[in-house]
$ cat model14.csv   # CSV, C-alpha atoms and all ligand atoms
chain,number,residue,atom,x,y,z
I,1,MET,CA,-24.6,26.9,-11.7
I,2,HIS,CA,-25.1,24.7,-8.6
I,3,ILE,CA,-22.9,22.3,-6.7
I,4,ARG,CA,-24.4,19.0,-5.8
I,5,PRO,CA,-24.3,18.9,-2.0
I,6,ILE,CA,-25.5,15.4,-1.0
I,7,TYR,CA,-24.4,11.9,-2.3
I,8,HIS,CA,-26.1,8.6,-1.2
I,9,HIS,CA,-24.1,5.5,-2.1
I,10,TYR,CA,-26.5,3.2,-0.3
I,11,ASP,CA,-30.0,3.3,1.1
I,12,PRO,CA,-29.8,4.0,4.9
I,13,GLU,CA,-33.4,2.7,5.3
I,14,GLN,CA,-32.3,-0.7,4.0
I,15,ALA,CA,-29.1,-0.7,6.1
I,16,GLY,CA,-30.9,-0.3,9.5
I,17,PRO,CA,-29.6,1.5,12.5
I,18,PRO,CA,-25.9,2.2,12.5
I,19,GLU,CA,-23.6,0.2,14.7
I,20,SER,CA,-22.9,1.7,18.1
I,21,TYR,CA,-20.5,1.4,21.0
I,22,ARG,CA,-21.8,-1.1,23.6
I,23,TYR,CA,-19.4,-0.1,26.4
I,24,CYS,CA,-18.2,3.3,27.6
I,25,PRO,CA,-14.9,4.0,25.8
I,26,PHE,CA,-13.7,6.0,29.0
I,27,CYS,CA,-14.7,3.7,31.8
I,28,SER,CA,-16.0,0.4,30.2
I,29,THR,CA,-19.4,0.5,31.8
I,30,PRO,CA,-22.2,-0.9,29.6
I,31,LEU,CA,-24.0,1.9,27.8
I,32,VAL,CA,-27.7,2.5,28.1
I,33,MET,CA,-30.0,4.5,25.8
I,34,ALA,CA,-30.9,7.9,27.3
I,35,GLU,CA,-32.3,11.1,25.9
I,36,SER,CA,-29.8,13.8,25.0
I,37,GLY,CA,-30.5,16.6,22.5
I,38,GLN,CA,-34.0,15.4,21.6
I,39,ARG,CA,-33.0,11.8,20.8
I,40,LEU,CA,-31.9,8.6,22.4
I,41,ARG,CA,-28.2,8.1,22.4
I,42,PRO,CA,-25.9,5.5,24.0
I,43,THR,CA,-25.0,7.0,27.4
I,44,CYS,CA,-22.8,5.9,30.2
I,45,PRO,CA,-24.7,5.7,33.5
I,46,SER,CA,-21.4,5.8,35.4
I,47,CYS,CA,-19.3,8.7,34.0
I,48,GLY,CA,-22.0,10.5,31.9
I,49,PHE,CA,-20.3,9.9,28.5
I,50,VAL,CA,-22.8,10.4,25.6
I,51,HIS,CA,-22.0,8.8,22.2
I,52,TYR,CA,-22.9,11.5,19.7
I,53,ARG,CA,-22.4,9.9,16.3
I,54,ASN,CA,-21.3,12.4,13.7
I,55,PRO,CA,-20.1,12.2,10.1
I,56,ALA,CA,-16.3,12.3,9.8
I,57,PRO,CA,-14.9,15.5,8.4
I,58,THR,CA,-12.6,14.9,5.5
I,59,VAL,CA,-10.7,17.2,3.2
I,60,SER,CA,-10.1,16.4,-0.5
I,61,ILE,CA,-7.3,18.3,-2.3
I,62,LEU,CA,-7.8,19.1,-6.0
I,63,ILE,CA,-4.2,19.6,-6.9
I,64,VAL,CA,-4.1,21.3,-10.3
I,65,ASP,CA,-1.4,22.4,-12.7
I,66,GLY,CA,-2.8,24.3,-15.7
I,67,GLU,CA,-5.2,21.9,-17.4
I,68,ARG,CA,-4.1,18.9,-15.4
I,69,VAL,CA,-5.4,17.4,-12.1
I,70,LEU,CA,-3.6,15.0,-9.9
I,71,LEU,CA,-5.4,11.7,-9.0
I,72,GLY,CA,-4.4,8.7,-6.9
I,73,LYS,CA,-5.2,5.0,-7.0
I,74,ARG,CA,-6.6,4.0,-3.6
I,75,SER,CA,-5.1,1.1,-1.7
I,76,GLY,CA,-7.6,1.3,1.1
I,77,ASP,CA,-11.3,1.4,1.7
I,78,PRO,CA,-13.6,3.0,0.8
I,79,GLY,CA,-12.9,2.9,-2.9
I,80,ARG,CA,-10.0,0.4,-2.9
I,81,GLY,CA,-8.5,0.0,-6.4
I,82,THR,CA,-10.3,3.0,-7.9
I,83,TRP,CA,-9.0,6.5,-8.6
I,84,ALA,CA,-9.8,9.5,-6.4
I,85,ILE,CA,-8.8,13.0,-5.5
I,86,PRO,CA,-6.2,12.8,-2.7
I,87,SER,CA,-8.0,13.1,0.7
I,88,GLY,CA,-7.9,12.4,4.3
I,89,TYR,CA,-9.6,12.7,7.7
I,90,VAL,CA,-9.3,15.9,9.7
I,91,GLU,CA,-7.7,14.8,12.9
I,92,TYR,CA,-9.1,16.2,16.2
I,93,GLU,CA,-6.1,18.4,16.8
I,94,ASP,CA,-5.7,19.7,13.3
I,95,ASP,CA,-7.4,22.4,11.2
I,96,PHE,CA,-8.7,21.4,7.7
I,97,LEU,CA,-6.2,23.5,5.8
I,98,SER,CA,-3.2,22.0,7.6
I,99,THR,CA,-4.8,18.6,7.0
I,100,ALA,CA,-5.0,19.4,3.3
I,101,ILE,CA,-1.3,20.3,3.1
I,102,GLN,CA,-0.2,17.3,5.2
I,103,GLU,CA,-2.3,14.8,3.3
I,104,ALA,CA,-1.1,16.2,-0.1
I,105,ARG,CA,2.5,15.7,1.2
I,106,GLU,CA,1.9,12.2,2.5
I,107,GLU,CA,-0.1,10.9,-0.4
I,108,THR,CA,1.6,12.6,-3.4
I,109,GLY,CA,5.0,13.8,-2.1
I,110,LEU,CA,4.2,17.3,-3.2
I,111,ASP,CA,4.1,20.5,-1.3
I,112,VAL,CA,1.0,22.5,-2.0
I,113,ALA,CA,-0.5,25.9,-1.4
I,114,ILE,CA,-4.2,26.0,-0.8
I,115,ARG,CA,-5.9,28.4,-3.1
I,116,SER,CA,-9.6,28.1,-2.5
I,117,ILE,CA,-12.5,26.2,-1.0
I,118,LEU,CA,-14.4,24.7,-3.9
I,119,SER,CA,-17.2,22.7,-2.4
I,120,VAL,CA,-18.6,20.9,0.7
I,121,VAL,CA,-20.5,17.6,0.3
I,122,SER,CA,-22.3,15.1,2.5
I,123,SER,CA,-21.3,11.6,1.4
I,124,PHE,CA,-23.2,8.6,2.7
I,125,ILE,CA,-20.7,6.0,1.5
I,126,SER,CA,-21.8,3.0,3.6
I,127,PRO,CA,-23.1,2.4,7.1
I,128,ARG,CA,-19.4,2.6,8.2
I,129,PHE,CA,-18.5,5.7,6.3
I,130,HIS,CA,-20.3,9.0,6.4
I,131,PHE,CA,-18.1,11.9,5.4
I,132,LEU,CA,-18.6,15.6,5.5
I,133,GLY,CA,-16.2,16.3,2.7
I,134,ILE,CA,-14.5,19.7,2.1
I,135,TYR,CA,-12.9,20.2,-1.4
I,136,VAL,CA,-10.1,22.6,-1.7
I,137,VAL,CA,-8.1,23.6,-4.7
I,138,ALA,CA,-4.3,23.6,-4.4
I,139,ASN,CA,-1.2,24.5,-6.5
I,140,VAL,CA,2.1,22.6,-6.4
I,141,VAL,CA,4.9,24.7,-4.8
I,142,GLY,CA,7.5,21.9,-4.3
I,143,GLY,CA,8.3,18.3,-3.6
I,144,THR,CA,8.7,15.3,-5.8
I,145,LEU,CA,5.7,13.3,-7.1
I,146,GLU,CA,5.6,9.9,-5.3
I,147,ALA,CA,2.6,7.9,-4.2
I,148,GLY,CA,2.4,7.3,-0.5
I,149,ASP,CA,0.1,6.6,2.5
I,150,ASP,CA,-3.2,5.1,1.2
I,151,LEU,CA,-2.4,5.6,-2.5
I,152,ASP,CA,-0.7,3.1,-4.8
I,153,MET,CA,-0.2,5.4,-7.7
I,154,VAL,CA,-0.4,9.1,-8.5
I,155,GLU,CA,-0.8,10.5,-12.0
I,156,TRP,CA,-1.7,13.7,-13.7
I,157,PHE,CA,-4.8,13.6,-15.9
I,158,PRO,CA,-6.3,16.2,-18.2
I,159,LEU,CA,-9.1,18.2,-16.4
I,160,SER,CA,-11.3,17.7,-19.5
I,161,GLY,CA,-10.8,13.9,-19.3
I,162,PRO,CA,-10.6,11.1,-20.0
I,163,LEU,CA,-10.3,10.2,-16.4
I,164,PRO,CA,-9.4,6.7,-15.0
I,165,GLU,CA,-11.9,4.5,-13.2
I,166,MET,CA,-13.1,6.9,-10.5
I,167,GLY,CA,-14.4,5.6,-7.1
I,168,PHE,CA,-16.6,8.5,-6.2
I,169,GLN,CA,-19.1,10.6,-8.2
I,170,GLU,CA,-18.3,13.4,-5.9
I,171,ASP,CA,-14.8,13.7,-7.2
I,172,MET,CA,-15.9,13.6,-10.8
I,173,ASP,CA,-18.4,16.3,-10.2
I,174,VAL,CA,-15.9,18.5,-8.5
I,175,ILE,CA,-13.4,18.1,-11.3
I,176,GLU,CA,-16.1,18.9,-13.8
I,177,LEU,CA,-17.0,22.0,-11.8
I,178,TYR,CA,-13.4,23.2,-11.6
I,179,ALA,CA,-12.7,22.3,-15.3
I,180,ALA,CA,-15.7,24.5,-16.4
I,181,ARG,CA,-13.9,27.4,-14.7
I,182,ALA,CA,-17.3,28.8,-13.8
I,183,TYR,CA,-16.3,29.0,-10.1
I,184,GLU,CA,-12.8,29.0,-8.6
I,185,GLY,CA,-14.1,28.7,-5.0
I,186,LEU,CA,-13.8,30.9,-2.0
I,187,PRO,CA,-10.2,32.3,-1.9
I,188,VAL,CA,-8.2,31.2,1.2
I,189,ASP,CA,-6.0,33.6,3.1
I,190,PRO,CA,-2.5,32.7,2.0
I,191,ASP,CA,-1.2,33.6,5.4
I,192,HIS,CA,-3.4,31.0,7.2
I,193,ALA,CA,-2.0,29.4,10.3
I,194,PRO,CA,1.1,27.2,9.6
I,195,VAL,CA,0.9,23.5,9.7
I,196,LYS,CA,1.0,22.0,13.1
I,197,ARG,CA,0.6,18.3,13.4
I,198,GLY,CA,-0.2,16.6,16.7
I,199,GLY,CA,0.2,12.9,17.5
I,201,ZN,ZN,-18.2,5.9,31.3
$ encode --input "model14.csv" --output "structure tokens"
Amino acid sequence: MHIRPIYHHYDPEQAGPPESYRYCPFCSTPLVMAESGQRLRPTCPSCGFVHYRNPAPTVSILIVDGERVLLGKRSGDPGRGTWAIPSGYVEYEDDFLSTAIQEAREETGLDVAIRSILSVVSSFISPRFHFLGIYVVANVVGGTLEAGDDLDMVEWFPLSGPLPEMGFQEDMDVIELYAARAYEGLPVDPDHAPVKRGG
């Protein structure tokens, strides 16, 4: 058994170079291209800021209950109007497990305990969205089911399907992987650091 690690939803060659900052976000000086780490990057000639463009780390929470999985209908992009595994961006001041617990709470109303790390994928969604997605498995430990944040609806679906109209092949593959029970993922220390949320 293998996980599929990379998903291309568009052709980067066709899309051309990604958008970039034109002015320094710290001091507003126009950026120039300068070499850093073996490639040309937008660089501030005044304060030295270098724009390293990296994929955004996200965490997707496969909330399971026996033979059911919780899915949400997305109200925002990417994937507006389609169903997906609840997910969110890892904020700079947060760790990915705390993010998973917070996002589950905000999007589904449920308190969850993270059981395992199931998969990690690179998702080239569009020129605007490149995610490094961490998939974790979680159990419900409390709360009341209610859609929130960037989900319009949340519903339980059988792991074996049929699933609603899914926005991302990544999510479908991870559900299939989990449903096969061939691999439960890397177990997570249940005493991991408590949730601390900045901002
Ligand atoms: Zn600057």
$ residues_near_ligand --input "model14.csv" --ligand "ligand ZN 201 (chain I)" --cutoff "7 Å" --atoms "all atoms listed in the file" --output "list in words"
Cys24, Pro25, Phe26, Cys27, Ser28, Thr29, Cys44, Pro45, Ser46, Cys47, Gly48 and Phe49 of chain I
$ closest_residue --input "model14.csv" --among "I:Glu13, I:Asp77, I:Glu19, I:Glu184" --to "I:Ser119" --atoms "only C-alpha atoms"
I:Glu184
$ closest_residue --input "model14.csv" --among "I:Pro18, I:Pro162, I:Pro5, I:Gly133" --to "I:Phe96" --atoms "only C-alpha atoms"
I:Gly133
$ closest_residue --input "model14.csv" --among "I:Leu159, I:Ala138, I:Leu70, I:Met33" --to "I:Ala180" --atoms "all atoms listed in the file"
I:Leu159
$ residues_around --input "model14.csv" --residues "I:Tyr7" --least-positions-apart "6" --cutoff "9 Å" --atoms "all atoms listed in the file" --output "list in words"
Val121, Ser122, Ser123, Phe124, Ile125, Gln169 and Glu170 of chain I
$ residues_around --input "model14.csv" --residues "I:Val141" --least-positions-apart "4" --cutoff "7 Å" --atoms "all atoms listed in the file" --output "NGL selection string"
:I and (111-113)
$ build_atoms --input "model14.csv" --residues "stretch 56-76 of chain I" --atoms "N, CA, C and O atoms" --output "short mmCIF file (atom, residue, chain, number, x, y, z; two decimals), in the frame of the given file"
data_model
loop_
_atom_site.label_atom_id
_atom_site.label_comp_id
_atom_site.auth_asym_id
_atom_site.auth_seq_id
_atom_site.Cartn_x
_atom_site.Cartn_y
_atom_site.Cartn_z
N ALA I 56 -17.72 11.99 9.67
CA ALA I 56 -16.30 12.30 9.80
C ALA I 56 -15.94 13.42 8.81
O ALA I 56 -16.21 13.29 7.61
N PRO I 57 -15.35 14.51 9.31
CA PRO I 57 -14.90 15.50 8.40
C PRO I 57 -13.67 15.07 7.61
O PRO I 57 -12.73 14.56 8.20
N THR I 58 -13.73 15.24 6.30
CA THR I 58 -12.60 14.90 5.50
C THR I 58 -12.26 16.11 4.59
O THR I 58 -13.10 16.98 4.38
N VAL I 59 -11.03 16.15 4.11
CA VAL I 59 -10.70 17.20 3.20
C VAL I 59 -10.06 16.52 1.93
O VAL I 59 -9.25 15.59 2.05
N SER I 60 -10.54 16.92 0.77
CA SER I 60 -10.10 16.40 -0.50
C SER I 60 -9.32 17.54 -1.22
O SER I 60 -9.82 18.67 -1.26
N ILE I 61 -8.15 17.22 -1.76
CA ILE I 61 -7.30 18.30 -2.30
C ILE I 61 -7.21 18.12 -3.81
O ILE I 61 -6.59 17.19 -4.33
N LEU I 62 -7.86 19.07 -4.49
CA LEU I 62 -7.80 19.10 -6.00
C LEU I 62 -6.53 19.81 -6.34
O LEU I 62 -6.47 21.04 -6.40
N ILE I 63 -5.49 18.99 -6.57
CA ILE I 63 -4.20 19.60 -6.90
C ILE I 63 -4.16 19.74 -8.43
O ILE I 63 -4.32 18.78 -9.19
N VAL I 64 -4.02 20.99 -8.84
CA VAL I 64 -4.10 21.30 -10.30
C VAL I 64 -2.81 21.95 -10.74
O VAL I 64 -2.07 22.58 -9.97
N ASP I 65 -2.55 21.76 -12.03
CA ASP I 65 -1.40 22.40 -12.70
C ASP I 65 -1.85 22.69 -14.10
O ASP I 65 -1.94 21.78 -14.94
N GLY I 66 -2.22 23.94 -14.34
CA GLY I 66 -2.80 24.30 -15.70
C GLY I 66 -4.01 23.52 -15.94
O GLY I 66 -4.98 23.60 -15.17
N GLU I 67 -3.99 22.72 -16.99
CA GLU I 67 -5.20 21.90 -17.40
C GLU I 67 -5.09 20.50 -16.91
O GLU I 67 -5.74 19.62 -17.46
N ARG I 68 -4.25 20.26 -15.88
CA ARG I 68 -4.10 18.90 -15.40
C ARG I 68 -4.57 18.83 -13.92
O ARG I 68 -4.46 19.81 -13.17
N VAL I 69 -5.03 17.65 -13.53
CA VAL I 69 -5.40 17.40 -12.10
C VAL I 69 -4.70 16.12 -11.69
O VAL I 69 -4.55 15.17 -12.46
N LEU I 70 -4.28 16.11 -10.42
CA LEU I 70 -3.60 15.00 -9.90
C LEU I 70 -4.53 14.00 -9.20
O LEU I 70 -5.30 14.41 -8.32
N LEU I 71 -4.50 12.75 -9.63
CA LEU I 71 -5.40 11.70 -9.00
C LEU I 71 -4.53 10.58 -8.49
O LEU I 71 -3.40 10.36 -8.94
N GLY I 72 -5.10 9.87 -7.52
CA GLY I 72 -4.40 8.70 -6.90
C GLY I 72 -5.25 7.49 -6.98
O GLY I 72 -6.48 7.55 -6.94
N LYS I 73 -4.56 6.34 -7.08
CA LYS I 73 -5.20 5.00 -7.00
C LYS I 73 -5.24 4.56 -5.60
O LYS I 73 -4.18 4.43 -4.98
N ARG I 74 -6.43 4.29 -5.07
CA ARG I 74 -6.60 4.00 -3.60
C ARG I 74 -6.21 2.59 -3.27
O ARG I 74 -6.62 1.65 -3.92
N SER I 75 -5.45 2.47 -2.18
CA SER I 75 -5.10 1.10 -1.70
C SER I 75 -5.93 0.71 -0.52
O SER I 75 -5.80 -0.41 -0.03
N GLY I 76 -6.79 1.59 -0.04
CA GLY I 76 -7.60 1.30 1.10
C GLY I 76 -9.08 1.55 0.88
O GLY I 76 -9.45 2.16 -0.13
#
